[in-house]
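Novice: Below you'll find protein.cif; it's mmCIF, C-alpha atoms and all ligand atoms.
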data_run
#
loop_
_atom_site.label_atom_id
_atom_site.label_comp_id
_atom_site.auth_asym_id
_atom_site.auth_seq_id
_atom_site.Cartn_x
_atom_site.Cartn_y
_atom_site.Cartn_z
CA MET A 102 25.32 -74.80 110.30
CA THR A 103 22.59 -73.52 107.96
CA ALA A 104 21.58 -75.83 105.13
CA GLU A 105 22.13 -74.63 101.55
CA PRO A 106 18.79 -73.71 99.98
CA ASP A 107 17.64 -76.31 97.48
CA THR A 108 17.75 -74.10 94.39
CA ASP A 109 16.12 -76.62 92.05
CA ALA A 110 13.21 -77.36 94.36
CA ILE A 111 12.54 -73.68 95.12
CA ALA A 112 12.82 -72.79 91.42
CA ALA A 113 10.39 -75.58 90.42
CA ASP A 114 7.90 -74.33 92.97
CA LEU A 115 8.24 -70.71 91.79
CA ARG A 116 7.85 -71.81 88.16
CA HIS A 117 4.67 -73.58 89.10
CA GLN A 118 3.37 -70.35 90.66
CA LEU A 119 4.41 -68.37 87.58
CA VAL A 120 2.53 -70.80 85.34
CA ALA A 121 -0.55 -70.40 87.54
CA ARG A 122 -0.33 -66.58 87.35
CA LEU A 123 0.15 -66.55 83.58
CA THR A 124 -2.73 -69.01 83.11
CA GLU A 125 -4.98 -66.97 85.35
CA GLY A 126 -4.04 -63.80 83.46
CA GLY A 127 -5.16 -65.51 80.24
CA TRP A 128 -1.69 -65.29 78.65
CA LEU A 129 -0.77 -68.95 78.89
CA ARG A 130 -3.44 -70.96 77.11
CA SER A 131 -2.13 -74.11 75.44
CA PRO A 132 -0.80 -77.23 77.19
CA GLN A 133 2.40 -77.14 75.11
CA TRP A 134 3.45 -73.64 76.22
CA HIS A 135 2.25 -74.48 79.71
CA ALA A 136 4.75 -77.38 79.76
CA ALA A 137 7.54 -75.17 78.37
CA VAL A 138 7.16 -72.48 81.08
CA GLU A 139 6.85 -75.19 83.75
CA THR A 140 10.15 -76.73 82.56
CA VAL A 141 12.55 -73.97 81.39
CA PRO A 142 14.54 -72.61 84.35
CA ARG A 143 14.35 -68.82 83.87
CA HIS A 144 16.85 -68.32 86.72
CA GLU A 145 19.60 -69.90 84.58
CA PHE A 146 19.10 -67.05 82.07
CA VAL A 147 19.08 -64.28 84.67
CA ARG A 148 21.85 -65.19 87.09
CA ARG A 149 22.51 -61.46 87.58
CA PHE A 150 20.20 -58.67 86.62
CA TYR A 151 18.81 -55.27 87.50
CA ARG A 152 15.25 -54.68 88.52
CA GLU A 153 13.36 -51.37 88.45
CA THR A 154 12.69 -49.88 91.90
CA ASP A 155 9.88 -47.52 92.91
CA ALA A 156 12.31 -44.76 93.95
CA PRO A 157 10.83 -41.35 93.06
CA GLY A 158 12.39 -39.22 90.31
CA LEU A 159 14.65 -40.66 87.62
CA THR A 160 14.00 -44.37 86.94
CA THR A 161 16.33 -46.36 89.17
CA TRP A 162 17.35 -50.01 88.91
CA ALA A 163 18.81 -52.13 91.73
CA PRO A 164 21.13 -55.10 91.18
CA VAL A 165 19.92 -58.60 92.06
CA THR A 166 22.27 -61.58 92.35
CA PRO A 167 22.28 -64.66 94.62
CA GLU A 168 25.27 -63.20 96.48
CA LEU A 169 23.76 -59.73 97.02
CA SER A 170 20.16 -60.71 97.67
CA GLY A 171 20.39 -64.30 98.95
CA VAL A 172 19.40 -67.30 96.85
CA LYS A 173 15.72 -67.29 97.82
CA GLU A 174 15.16 -63.61 97.08
CA TRP A 175 17.09 -63.84 93.79
CA LEU A 176 14.96 -66.83 92.71
CA GLN A 177 11.77 -65.10 93.72
CA GLN A 178 12.66 -62.10 91.57
CA ALA A 179 13.82 -64.29 88.70
CA TYR A 180 10.34 -65.86 88.57
CA ALA A 181 8.42 -62.62 89.10
CA ASP A 182 6.35 -61.50 86.13
CA GLU A 183 8.78 -58.64 85.55
CA THR A 184 11.20 -57.48 82.90
CA LEU A 185 14.74 -58.05 84.19
CA ILE A 186 17.45 -55.81 82.76
CA THR A 187 20.79 -57.38 81.88
CA GLN A 188 22.51 -54.55 80.00
CA PHE A 189 22.39 -50.73 79.88
CA ASP A 190 23.64 -48.34 77.21
CA ARG A 191 25.11 -51.23 75.18
CA GLN A 192 27.80 -51.66 77.89
CA GLU A 193 28.40 -54.82 79.86
CA ILE A 194 27.67 -54.37 83.56
CA ASP A 195 30.63 -54.39 85.95
CA TRP A 196 29.47 -57.05 88.39
CA SER A 197 32.53 -56.75 90.67
CA ASP A 198 30.79 -54.05 92.74
CA PRO A 199 27.28 -53.51 91.33
CA GLN A 200 25.57 -50.26 92.37
CA PRO A 201 22.06 -48.93 91.73
CA ILE A 202 21.78 -47.42 88.25
CA ARG A 203 19.83 -44.24 87.49
CA GLY A 204 18.69 -42.64 84.24
CA ALA A 205 20.37 -45.22 81.98
CA HIS A 206 18.93 -46.77 78.85
CA PRO A 207 18.25 -50.56 79.03
CA THR A 208 19.62 -52.32 75.95
CA SER A 209 19.06 -55.99 76.81
CA SER A 210 16.69 -57.82 79.11
CA SER A 211 14.63 -60.87 79.85
CA THR A 212 11.20 -59.67 78.77
CA LEU A 213 8.14 -59.72 81.04
CA PRO A 214 7.08 -63.43 81.05
CA ALA A 215 3.41 -62.48 80.41
CA LEU A 216 4.48 -60.78 77.18
CA VAL A 217 6.84 -63.61 76.19
CA VAL A 218 4.12 -66.26 76.48
CA ARG A 219 1.47 -64.04 74.97
CA MET A 220 3.65 -63.63 71.88
CA LEU A 221 4.51 -67.32 71.74
CA GLU A 222 0.82 -68.23 71.91
CA GLU A 223 0.06 -65.66 69.17
CA LEU A 224 2.83 -67.15 67.00
CA GLN A 225 0.51 -70.12 66.36
CA VAL A 226 3.25 -72.74 66.00
CA HIS A 227 2.64 -76.42 65.30
CA ASP A 228 4.91 -79.43 65.71
CA GLY A 229 7.59 -79.63 63.02
CA MET A 230 7.64 -75.88 62.27
CA ASN A 231 10.88 -73.91 62.21
CA VAL A 232 11.19 -70.47 63.76
CA MET A 233 13.54 -67.51 63.34
CA GLU A 234 13.77 -65.32 66.44
CA ILE A 235 15.31 -61.83 66.29
CA GLY A 236 16.73 -60.64 69.64
CA THR A 237 18.07 -63.62 71.61
CA GLY A 238 18.66 -61.45 74.69
CA THR A 239 19.11 -63.72 77.71
CA GLY A 240 18.02 -66.75 75.66
CA TYR A 241 14.95 -67.44 77.83
CA SER A 242 12.39 -67.12 75.03
CA THR A 243 14.74 -69.10 72.76
CA ALA A 244 14.75 -71.88 75.36
CA LEU A 245 10.94 -71.91 75.49
CA LEU A 246 10.87 -72.27 71.69
CA CYS A 247 13.42 -75.10 71.91
CA HIS A 248 11.30 -76.89 74.49
CA ARG A 249 8.19 -76.54 72.35
CA LEU A 250 9.59 -77.35 68.91
CA GLY A 251 12.99 -78.98 69.42
CA ALA A 252 16.25 -77.02 69.28
CA GLN A 253 16.93 -78.11 65.69
CA GLN A 254 13.85 -76.11 64.63
CA VAL A 255 15.01 -72.85 66.24
CA THR A 256 17.34 -70.12 64.98
CA SER A 257 17.93 -67.03 67.09
CA ILE A 258 19.87 -63.90 66.12
CA GLU A 259 21.40 -61.43 68.56
CA THR A 260 23.24 -58.31 67.50
CA ASP A 261 25.38 -57.90 70.64
CA PRO A 262 28.24 -60.42 70.87
CA ASP A 263 28.50 -60.26 74.70
CA VAL A 264 24.76 -60.75 75.14
CA ALA A 265 24.83 -63.60 72.59
CA ALA A 266 27.71 -65.34 74.40
CA ARG A 267 25.85 -65.27 77.73
CA ALA A 268 22.70 -66.64 76.09
CA ARG A 269 24.69 -69.43 74.43
CA ASP A 270 26.17 -70.47 77.80
CA ALA A 271 22.79 -70.42 79.53
CA LEU A 272 21.12 -72.42 76.75
CA ARG A 273 23.93 -75.00 76.86
CA ARG A 274 23.65 -75.32 80.64
CA CYS A 275 19.97 -76.14 80.14
CA GLY A 276 20.72 -78.65 77.38
CA TYR A 277 19.41 -76.58 74.42
CA THR A 278 21.53 -76.15 71.30
CA PRO A 279 19.56 -74.07 68.79
CA ARG A 280 21.24 -72.32 65.87
CA LEU A 281 22.54 -69.06 67.38
CA LEU A 282 23.75 -66.29 65.13
CA VAL A 283 25.49 -63.06 66.08
CA GLY A 284 24.67 -60.20 63.76
CA ASP A 285 22.02 -57.80 62.59
CA GLY A 286 18.74 -59.67 62.78
CA LEU A 287 17.14 -57.10 60.46
CA ALA A 288 18.91 -58.97 57.65
CA GLY A 289 17.38 -62.24 58.87
CA ASP A 290 19.03 -65.54 58.05
CA PRO A 291 19.01 -66.37 54.33
CA ASP A 292 20.92 -69.64 54.97
CA GLY A 293 18.26 -71.05 57.28
CA ALA A 294 15.28 -69.81 55.25
CA PRO A 295 12.49 -70.47 54.56
CA TYR A 296 11.01 -70.23 58.02
CA ASP A 297 7.45 -71.05 59.05
CA ARG A 298 7.47 -68.33 61.68
CA THR A 299 9.51 -65.18 62.35
CA ILE A 300 9.28 -63.49 65.74
CA ALA A 301 11.05 -60.31 66.84
CA THR A 302 11.67 -59.47 70.48
CA CYS A 303 13.09 -56.07 69.61
CA GLY A 304 10.88 -53.32 68.16
CA VAL A 305 11.18 -52.21 64.53
CA ARG A 306 10.18 -49.02 62.66
CA HIS A 307 9.18 -51.10 59.65
CA ILE A 308 9.20 -54.81 58.83
CA PRO A 309 12.55 -55.68 57.22
CA HIS A 310 11.73 -57.07 53.80
CA ALA A 311 14.32 -59.83 54.38
CA TRP A 312 11.91 -61.32 56.95
CA VAL A 313 9.15 -61.42 54.35
CA ARG A 314 11.40 -63.14 51.78
CA GLN A 315 12.68 -65.60 54.38
CA THR A 316 9.28 -66.63 55.77
CA ARG A 317 7.37 -69.11 53.66
CA PRO A 318 4.09 -68.22 51.93
CA GLY A 319 1.32 -68.77 54.45
CA GLY A 320 3.85 -68.28 57.26
CA LEU A 321 3.62 -65.60 59.93
CA ILE A 322 5.74 -62.68 61.15
CA LEU A 323 5.06 -61.42 64.66
CA ALA A 324 6.73 -58.16 65.68
CA THR A 325 6.16 -54.93 67.55
CA LEU A 326 6.26 -51.84 65.39
CA ARG A 327 7.43 -48.65 67.01
CA GLY A 328 8.76 -45.21 66.35
CA TRP A 329 10.99 -42.85 68.28
CA MET A 330 8.04 -41.44 70.22
CA ARG A 331 6.32 -44.68 71.26
CA SER A 332 5.27 -48.20 70.36
CA LEU A 333 2.52 -48.73 67.79
CA GLY A 334 1.78 -52.28 68.91
CA LEU A 335 2.11 -55.96 68.14
CA VAL A 336 1.36 -56.87 64.54
CA ARG A 337 0.93 -60.33 62.95
CA LEU A 338 1.50 -60.54 59.21
CA THR A 339 0.76 -63.42 56.87
CA ILE A 340 3.12 -63.92 53.92
CA ASP A 341 1.58 -64.31 50.48
CA HIS A 342 3.09 -65.58 47.24
CA ASP A 343 4.24 -62.23 45.85
CA ASP A 344 6.80 -61.24 48.47
CA ARG A 345 4.02 -59.37 50.25
CA ALA A 346 2.86 -59.61 53.83
CA GLU A 347 -0.27 -58.25 55.41
CA GLY A 348 -2.02 -58.36 58.75
CA ARG A 349 -3.54 -56.50 61.65
CA PHE A 350 -2.29 -55.25 64.97
CA ILE A 351 -3.32 -57.79 67.57
CA ALA A 352 -2.51 -55.60 70.59
CA GLY A 353 -1.59 -52.00 71.22
CA ASP A 354 0.21 -52.19 74.53
CA PRO A 355 3.36 -54.30 74.01
CA SER A 356 6.53 -52.30 73.67
CA PHE A 357 10.05 -53.55 73.05
CA MET A 358 13.41 -51.81 72.99
CA ILE A 359 14.04 -50.74 69.42
CA ALA A 360 16.41 -52.70 67.13
CA ARG A 361 19.80 -51.08 67.61
CA GLN A 362 20.27 -50.28 63.94
CA GLN A 363 17.01 -48.30 63.94
CA ASP A 364 17.57 -46.36 67.15
CA ALA A 365 17.02 -42.60 67.04
CA PRO A 366 20.12 -40.55 66.21
CA GLU A 367 21.81 -39.26 69.37
CA ASN A 368 21.64 -35.70 68.09
CA LEU A 369 18.14 -34.33 68.67
CA GLY A 370 18.57 -31.88 65.79
CA MET A 371 18.58 -28.08 65.59
CA ILE A 372 16.22 -26.28 67.92
CA PRO A 373 14.41 -23.78 65.66
CA SER A 374 14.97 -20.13 66.53
CA PRO A 375 11.88 -18.08 67.56
CA ASP A 376 11.68 -16.28 64.18
CA GLN A 377 11.57 -19.52 62.11
CA GLY A 378 8.31 -20.98 60.74
CA THR A 379 4.72 -19.85 60.57
CA THR A 380 2.33 -19.77 63.50
CA ARG A 381 -1.34 -20.66 63.87
CA SER A 382 -3.70 -21.74 66.62
CA THR A 383 -4.52 -25.34 67.41
CA PRO A 384 -6.90 -27.08 69.82
CA HIS A 385 -4.42 -30.00 70.07
CA GLY A 386 -1.84 -29.52 72.80
CA PRO A 387 1.17 -31.59 73.92
CA ASP A 388 -1.06 -34.08 75.79
CA THR A 389 -2.21 -35.44 72.43
CA LEU A 390 1.32 -36.79 71.95
CA THR A 391 1.13 -38.95 75.06
CA ASP A 392 -2.53 -39.93 75.39
CA PRO A 393 -2.92 -43.60 74.34
CA GLY A 394 -5.27 -43.14 71.33
CA THR A 395 -4.02 -39.82 69.94
CA GLY A 396 -0.40 -40.79 70.72
CA PHE A 397 -0.75 -43.76 68.36
CA ILE A 398 -2.06 -41.40 65.64
CA ALA A 399 0.82 -38.96 66.32
CA GLN A 400 3.34 -41.78 65.87
CA LEU A 401 1.87 -42.99 62.59
CA ALA A 402 1.42 -39.46 61.17
CA MET A 403 4.90 -38.22 62.20
CA PRO A 404 6.97 -41.42 61.81
CA SER A 405 10.40 -39.80 62.14
CA ALA A 406 9.63 -37.26 64.84
CA ARG A 407 10.65 -36.95 68.47
CA PHE A 408 9.45 -34.48 71.06
CA PHE A 409 10.58 -32.91 74.29
CA SER A 410 9.46 -30.01 76.46
CA MET A 411 11.74 -27.16 77.50
CA PRO A 412 10.99 -23.58 78.52
CA ALA A 413 11.98 -20.82 76.07
CA ASP A 414 14.47 -18.12 77.18
CA ASP A 415 11.56 -16.01 78.47
CA GLY A 416 10.21 -18.96 80.48
CA THR A 417 7.29 -19.86 78.14
CA PRO A 418 6.73 -23.64 78.26
CA CYS A 419 7.46 -25.06 74.80
CA THR A 420 7.03 -28.57 73.38
CA TYR A 421 9.31 -29.21 70.42
CA VAL A 422 8.43 -31.88 67.83
CA LEU A 423 11.45 -32.40 65.58
CA ASN A 424 12.32 -34.48 62.52
CA VAL A 425 16.09 -34.88 62.60
CA ALA A 426 16.48 -35.98 58.99
CA ASP A 427 14.83 -32.99 57.29
CA GLU A 428 14.78 -30.47 60.16
CA SER A 429 11.00 -30.08 60.01
CA PHE A 430 9.61 -28.83 63.29
CA ALA A 431 6.46 -27.94 65.20
CA VAL A 432 6.68 -25.92 68.42
CA LEU A 433 3.69 -25.80 70.75
CA THR A 434 3.14 -23.07 73.31
CA PRO A 435 0.04 -22.50 75.49
CA LYS A 436 -2.24 -19.67 74.37
CA ALA A 437 -5.44 -19.80 76.40
CA THR A 438 -7.48 -22.53 78.07
CA ASP A 439 -7.59 -25.46 75.65
CA GLU A 440 -5.80 -23.52 72.95
CA TRP A 441 -2.21 -23.58 71.80
CA SER A 442 -0.03 -21.87 69.24
CA VAL A 443 1.84 -24.11 66.86
CA ARG A 444 4.82 -22.75 64.92
CA GLN A 445 5.81 -25.03 62.01
CA GLY A 446 8.66 -25.01 59.53
CA GLY A 447 10.82 -27.26 57.37
CA LEU A 448 9.95 -29.66 54.56
CA VAL A 449 7.00 -31.31 56.27
CA ARG A 450 4.30 -29.48 58.23
CA LEU A 451 4.34 -31.98 61.06
CA TRP A 452 1.35 -30.67 63.04
CA ASP A 453 -0.74 -30.36 59.86
CA ALA A 454 -0.02 -34.02 59.07
CA PHE A 455 -0.92 -35.03 62.63
CA GLU A 456 -4.17 -33.05 62.63
CA ALA A 457 -5.19 -34.46 59.24
CA ALA A 458 -4.66 -38.00 60.61
CA LEU A 459 -6.58 -37.12 63.80
CA ALA A 460 -9.50 -35.83 61.69
CA ARG A 461 -9.62 -39.13 59.75
CA TRP A 462 -9.45 -41.10 62.96
CA HIS A 463 -12.30 -39.10 64.51
CA ALA A 464 -14.36 -39.37 61.31
CA ALA A 465 -13.97 -43.17 61.51
CA GLY A 466 -15.23 -43.17 65.13
CA THR A 467 -11.80 -43.34 66.88
CA PRO A 468 -11.08 -47.02 66.08
CA GLU A 469 -8.87 -49.14 68.33
CA VAL A 470 -5.29 -50.12 67.45
CA THR A 471 -6.58 -53.59 66.52
CA ASP A 472 -8.64 -51.98 63.72
CA PHE A 473 -5.37 -50.94 62.04
CA GLY A 474 -3.12 -53.13 59.94
CA VAL A 475 0.01 -53.18 57.85
CA THR A 476 0.81 -54.13 54.26
CA VAL A 477 4.42 -54.82 53.29
CA THR A 478 5.56 -55.03 49.67
CA PRO A 479 9.11 -54.91 48.28
CA GLN A 480 8.48 -51.23 47.42
CA ILE A 481 6.47 -49.74 50.30
CA GLN A 482 5.06 -50.40 53.71
CA SER A 483 1.74 -48.88 54.65
CA LEU A 484 -0.17 -48.76 57.88
CA TRP A 485 -3.92 -48.62 57.22
CA MET A 486 -7.08 -47.95 59.17
CA GLY A 487 -10.03 -50.34 58.88
CA ALA A 488 -9.01 -52.23 55.74
CA PRO A 489 -6.01 -52.37 53.38
CA ASN A 490 -7.82 -49.98 51.01
CA GLY A 491 -8.74 -47.59 53.85
CA PRO A 492 -6.89 -44.41 54.81
CA SER A 493 -3.19 -45.23 55.07
CA TRP A 494 0.18 -43.84 56.10
CA ARG A 495 3.68 -44.85 55.06
CA LEU A 496 6.03 -46.52 57.50
CA PRO A 497 9.58 -45.11 57.30
CA THR A 498 11.60 -47.60 55.23
C1 LIG B 501 14.09 -57.41 74.93
S1 LIG B 501 15.61 -58.14 74.54
C2 LIG B 501 15.20 -59.78 74.07
C3 LIG B 501 14.54 -60.61 75.12
C4 LIG B 501 14.73 -62.08 74.90
N1 LIG B 501 13.90 -62.61 73.87
C5 LIG B 501 14.62 -62.84 76.20
O1 LIG B 501 13.69 -63.62 76.38
O2 LIG B 501 15.51 -62.68 77.02
C6 LIG B 501 15.96 -57.46 72.94
C7 LIG B 501 17.27 -57.94 72.38
O3 LIG B 501 17.31 -57.59 71.00
C8 LIG B 501 18.65 -57.36 70.67
N2 LIG B 501 18.70 -56.65 69.40
C9 LIG B 501 18.55 -55.33 69.16
N3 LIG B 501 18.67 -55.07 67.85
C10 LIG B 501 18.89 -56.26 67.23
C11 LIG B 501 19.11 -56.67 65.89
N4 LIG B 501 19.11 -55.78 64.91
N5 LIG B 501 19.33 -57.97 65.64
C12 LIG B 501 19.33 -58.89 66.63
N6 LIG B 501 19.15 -58.57 67.92
C13 LIG B 501 18.92 -57.28 68.22
C14 LIG B 501 19.17 -56.58 71.87
O4 LIG B 501 20.58 -56.60 71.93
C15 LIG B 501 18.49 -57.31 73.02
O5 LIG B 501 19.32 -58.31 73.53
#
How does the structure come out when it is put into structure tokens?
Specialist:
Amino acid sequence: MTAEPDTDAIAADLRHQLVARLTEGGWLRSPQWHAAVETVPRHEFVRRFYRETDAPGLTTWAPVTPELSGVKEWLQQAYADETLITQFDRQEIDWSDPQPIRGAHPTSSSTLPALVVRMLEELQVHDGMNVMEIGTGTGYSTALLCHRLGAQQVTSIETDPDVAARARDALRRCGYTPRLLVGDGLAGDPDGAPYDRTIATCGVRHIPHAWVRQTRPGGLILATLRGWMRSLGLVRLTIDHDDRAEGRFIAGDPSFMIARQQDAPENLGMIPSPDQGTTRSTPHGPDTLTDPGTGFIAQLAMPSARFFSMPADDGTPCTYVLNVADESFAVLTPKATDEWSVRQGGLVRLWDAFEAALARWHAAGTPEVTDFGVTVTPQIQSLWMGAPNGPSWRLPT
């Protein structure tokens, strides 16, 4: 007879190793968050999940459960510094016969622990503070907040009722009873306001003004801003007395799934016909949309655009940049070495706006993401370079 693995002992050991890795990586810095990660059993929040595989081609995820993988392997993966997917395409997973999933769109997860603790450290909480979290997901980050501050200080909002129900069960099993709300976290929680801290674990295209009103003056909002092309980065805003908030990006790399209510429309928009628009040459090809520095500038200069590449009928490779709302477009085709043609049309000359932003960025010496910041007022939201009175771009509100 084989002995049952001692889940609690193995999990405690794996947590200890996770704490060591996160400390070594410089993400886990304070004794309080150290204690929280050492204590909160992540495996209770990810009893079943999908994990990305290295299969070539379309991104593929494989199911992991104690039954499929064995308890030890499941625990090991639950405490890996990995994002674990718990929902795709807003549909609950059929766990009766889980199969590998290909080419789907993750819509809920337990975020990479290194990013979770990095954000919690950057939230700069102190004893007695209350926190509003947007995006409960599995409830793991909510549990860490409960451990650190006490459950009575924590409110978490999840838009998906099935996801919220699973998080509630997991939190209860672990003895945490924070205030859990099901609904659109972009509206915040007027009943629980004011909050000392607001943290979003889903990405947003702009900072909902409700969060500014519901966070107390001097309080902080921590969120990742993103567009439909890519993430802009993690921004930390301080609330002032006039319903304003302002602050800098503190990192460029974090990326979260976008808040559902701000997701890109399914329809990509009309593909412009070859006779539409006016054509000129440009030294900036499609790579500028994906390179880390210029991609950030593309996202801020073309906040409602998306792009994709597809050959034209005659086989010419084309990259289409499209604004669904106003049908503005820019189409790039190769011309010669390091030269492209750009054909633009619609209300906004997208490539002109991008190149103007690139010129300003180059003139300023190609500053890092952390040299940019955001100002939020009840009327507008602007993303600036260098200082609040520097060159700026509007966020789509
Ligand atoms: C990356 S997951 C959250 C990870 C979570 N903090 C954890 O530790 O497991 C993002 C979550 O945000 C939720 N979400 C998306 N839009 C939302 C909204 N408008 N309000 C509240 N939750 C939202 C998604 O359903 C998803 O569960």
Novice: For ligand LIG 501 (chain B), which residue among A:Thr383, A:Thr391, A:Thr237, A:Gln315 is the nearest when counting all atoms listed in the file?
Specialist: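 Checking each candidate against ligand LIG 501 (chain B), we get A:Thr237 as the closest.
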Novice: Compute the set of protein, DNA and RNA residues whose minimum atom distance to ligand LIG 501 (chain B) is at most 7 Å, using all atoms listed in the file, and state it as a ChimeraX atom specification.
Specialist: /A:208-212,217,235-243,258-261,264,284-287,302-303,357-362
Novice: Write the residues of the selection above to a file with C-alpha atoms, as an mmCIF file, in the frame of the given file.
Specialist:
data_model
loop_
_atom_site.group_PDB
_atom_site.id
_atom_site.type_symbol
_atom_site.label_atom_id
_atom_site.label_comp_id
_atom_site.auth_asym_id
_atom_site.auth_seq_id
_atom_site.Cartn_x
_atom_site.Cartn_y
_atom_site.Cartn_z
ATOM 1 C CA THR A 208 19.620 -52.320 75.950
ATOM 2 C CA SER A 209 19.060 -55.990 76.810
ATOM 3 C CA SER A 210 16.690 -57.820 79.110
ATOM 4 C CA SER A 211 14.630 -60.870 79.850
ATOM 5 C CA THR A 212 11.200 -59.670 78.770
ATOM 6 C CA VAL A 217 6.840 -63.610 76.190
ATOM 7 C CA ILE A 235 15.310 -61.830 66.290
ATOM 8 C CA GLY A 236 16.730 -60.640 69.640
ATOM 9 C CA THR A 237 18.070 -63.620 71.610
ATOM 10 C CA GLY A 238 18.660 -61.450 74.690
ATOM 11 C CA THR A 239 19.110 -63.720 77.710
ATOM 12 C CA GLY A 240 18.020 -66.750 75.660
ATOM 13 C CA TYR A 241 14.950 -67.440 77.830
ATOM 14 C CA SER A 242 12.390 -67.120 75.030
ATOM 15 C CA THR A 243 14.740 -69.100 72.760
ATOM 16 C CA ILE A 258 19.870 -63.900 66.120
ATOM 17 C CA GLU A 259 21.400 -61.430 68.560
ATOM 18 C CA THR A 260 23.240 -58.310 67.500
ATOM 19 C CA ASP A 261 25.380 -57.900 70.640
ATOM 20 C CA VAL A 264 24.760 -60.750 75.140
ATOM 21 C CA GLY A 284 24.670 -60.200 63.760
ATOM 22 C CA ASP A 285 22.020 -57.800 62.590
ATOM 23 C CA GLY A 286 18.740 -59.670 62.780
ATOM 24 C CA LEU A 287 17.140 -57.100 60.460
ATOM 25 C CA THR A 302 11.670 -59.470 70.480
ATOM 26 C CA CYS A 303 13.090 -56.070 69.610
ATOM 27 C CA PHE A 357 10.050 -53.550 73.050
ATOM 28 C CA MET A 358 13.410 -51.810 72.990
ATOM 29 C CA ILE A 359 14.040 -50.740 69.420
ATOM 30 C CA ALA A 360 16.410 -52.700 67.130
ATOM 31 C CA ARG A 361 19.800 -51.080 67.610
ATOM 32 C CA GLN A 362 20.270 -50.280 63.940
#
Novice: Smallest atom-to-atom distance to Ile194 of chain A: which of A:Phe150, A:Gly491, A:Pro375, A:Ala110, using all atoms listed in the file?
Specialist: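 Answer, going by the shortest atom-to-atom distance: A:Phe150.
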Novice: For Thr389 of chain A, which of A:Leu119, A:Leu433, A:Asp228, A:Arg143 is the closest residue, counting only C-alpha atoms?
Specialist: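 Closest to Thr389 of chain A of all the choices is A:Leu433.
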Novice: So, counting all atoms listed in the file, which residue among A:Thr299, A:Gln133, A:Thr160, A:Ser356 is closest to Leu250 of chain A?
Specialist: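 Among A:Thr299, A:Gln133, A:Thr160, A:Ser356, it is A:Gln133 that comes nearest to Leu250 of chain A.
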Novice: Give the answer as one residue: which of A:Gly127, A:Gly416, A:Pro384, A:Pro497 has the shortest atom-to-atom distance to Asp439 of chain A, using all atoms listed in the file?
Specialist: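 Checking each candidate against Asp439 of chain A, we get A:Pro384 as the closest.
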Novice: Given the choices A:Thr166, A:Thr471, A:Ser131, A:Thr420, which gets closest to Gln178 of chain A if the distance is worked out from only C-alpha atoms?
Specialist: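 The shortest atom-to-atom distance to Gln178 of chain A comes from A:Thr166.
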Novice: Could you please determine the separation between atom CA of Pro468 of chain A and atom CA of Gly394 of chain A in Å, to one decimal place?
Specialist: 8.7 Å
Novice: Kindly output segment 241-249 of chain A as a PDB file, in the frame of the given file, after building N, CA, C and O atoms.
Specialist:
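File written: part-v7.pdb
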ATOM      1  N   TYR A 241      16.079 -66.775  77.182  1.00  0.00           N
ATOM      2  CA  TYR A 241      14.950 -67.440  77.830  1.00  0.00           C
ATOM      3  C   TYR A 241      13.843 -67.788  76.826  1.00  0.00           C
ATOM      4  O   TYR A 241      13.373 -68.936  76.783  1.00  0.00           O
ATOM      5  N   SER A 242      13.467 -66.817  75.991  1.00  0.00           N
ATOM      6  CA  SER A 242      12.390 -67.120  75.030  1.00  0.00           C
ATOM      7  C   SER A 242      12.868 -68.155  74.004  1.00  0.00           C
ATOM      8  O   SER A 242      12.083 -68.985  73.537  1.00  0.00           O
ATOM      9  N   THR A 243      14.174 -68.107  73.683  1.00  0.00           N
ATOM     10  CA  THR A 243      14.740 -69.100  72.760  1.00  0.00           C
ATOM     11  C   THR A 243      14.585 -70.504  73.369  1.00  0.00           C
ATOM     12  O   THR A 243      14.226 -71.466  72.677  1.00  0.00           O
ATOM     13  N   ALA A 244      14.851 -70.588  74.676  1.00  0.00           N
ATOM     14  CA  ALA A 244      14.750 -71.880  75.360  1.00  0.00           C
ATOM     15  C   ALA A 244      13.302 -72.392  75.336  1.00  0.00           C
ATOM     16  O   ALA A 244      13.062 -73.595  75.132  1.00  0.00           O
ATOM     17  N   LEU A 245      12.349 -71.484  75.526  1.00  0.00           N
ATOM     18  CA  LEU A 245      10.940 -71.910  75.490  1.00  0.00           C
ATOM     19  C   LEU A 245      10.608 -72.465  74.102  1.00  0.00           C
ATOM     20  O   LEU A 245       9.931 -73.502  73.973  1.00  0.00           O
ATOM     21  N   LEU A 246      11.107 -71.782  73.063  1.00  0.00           N
ATOM     22  CA  LEU A 246      10.870 -72.270  71.690  1.00  0.00           C
ATOM     23  C   LEU A 246      11.516 -73.645  71.498  1.00  0.00           C
ATOM     24  O   LEU A 246      10.926 -74.533  70.872  1.00  0.00           O
ATOM     25  N   CYS A 247      12.733 -73.795  72.042  1.00  0.00           N
ATOM     26  CA  CYS A 247      13.420 -75.100  71.910  1.00  0.00           C
ATOM     27  C   CYS A 247      12.613 -76.191  72.599  1.00  0.00           C
ATOM     28  O   CYS A 247      12.482 -77.311  72.082  1.00  0.00           O
ATOM     29  N   HIS A 248      12.085 -75.883  73.778  1.00  0.00           N
ATOM     30  CA  HIS A 248      11.300 -76.890  74.490  1.00  0.00           C
ATOM     31  C   HIS A 248      10.072 -77.283  73.678  1.00  0.00           C
ATOM     32  O   HIS A 248       9.721 -78.456  73.577  1.00  0.00           O
ATOM     33  N   ARG A 249       9.454 -76.288  73.063  1.00  0.00           N
ATOM     34  CA  ARG A 249       8.190 -76.540  72.350  1.00  0.00           C
ATOM     35  C   ARG A 249       8.397 -77.275  71.035  1.00  0.00           C
ATOM     36  O   ARG A 249       7.615 -78.152  70.664  1.00  0.00           O
TER      37      ARG A 249
END
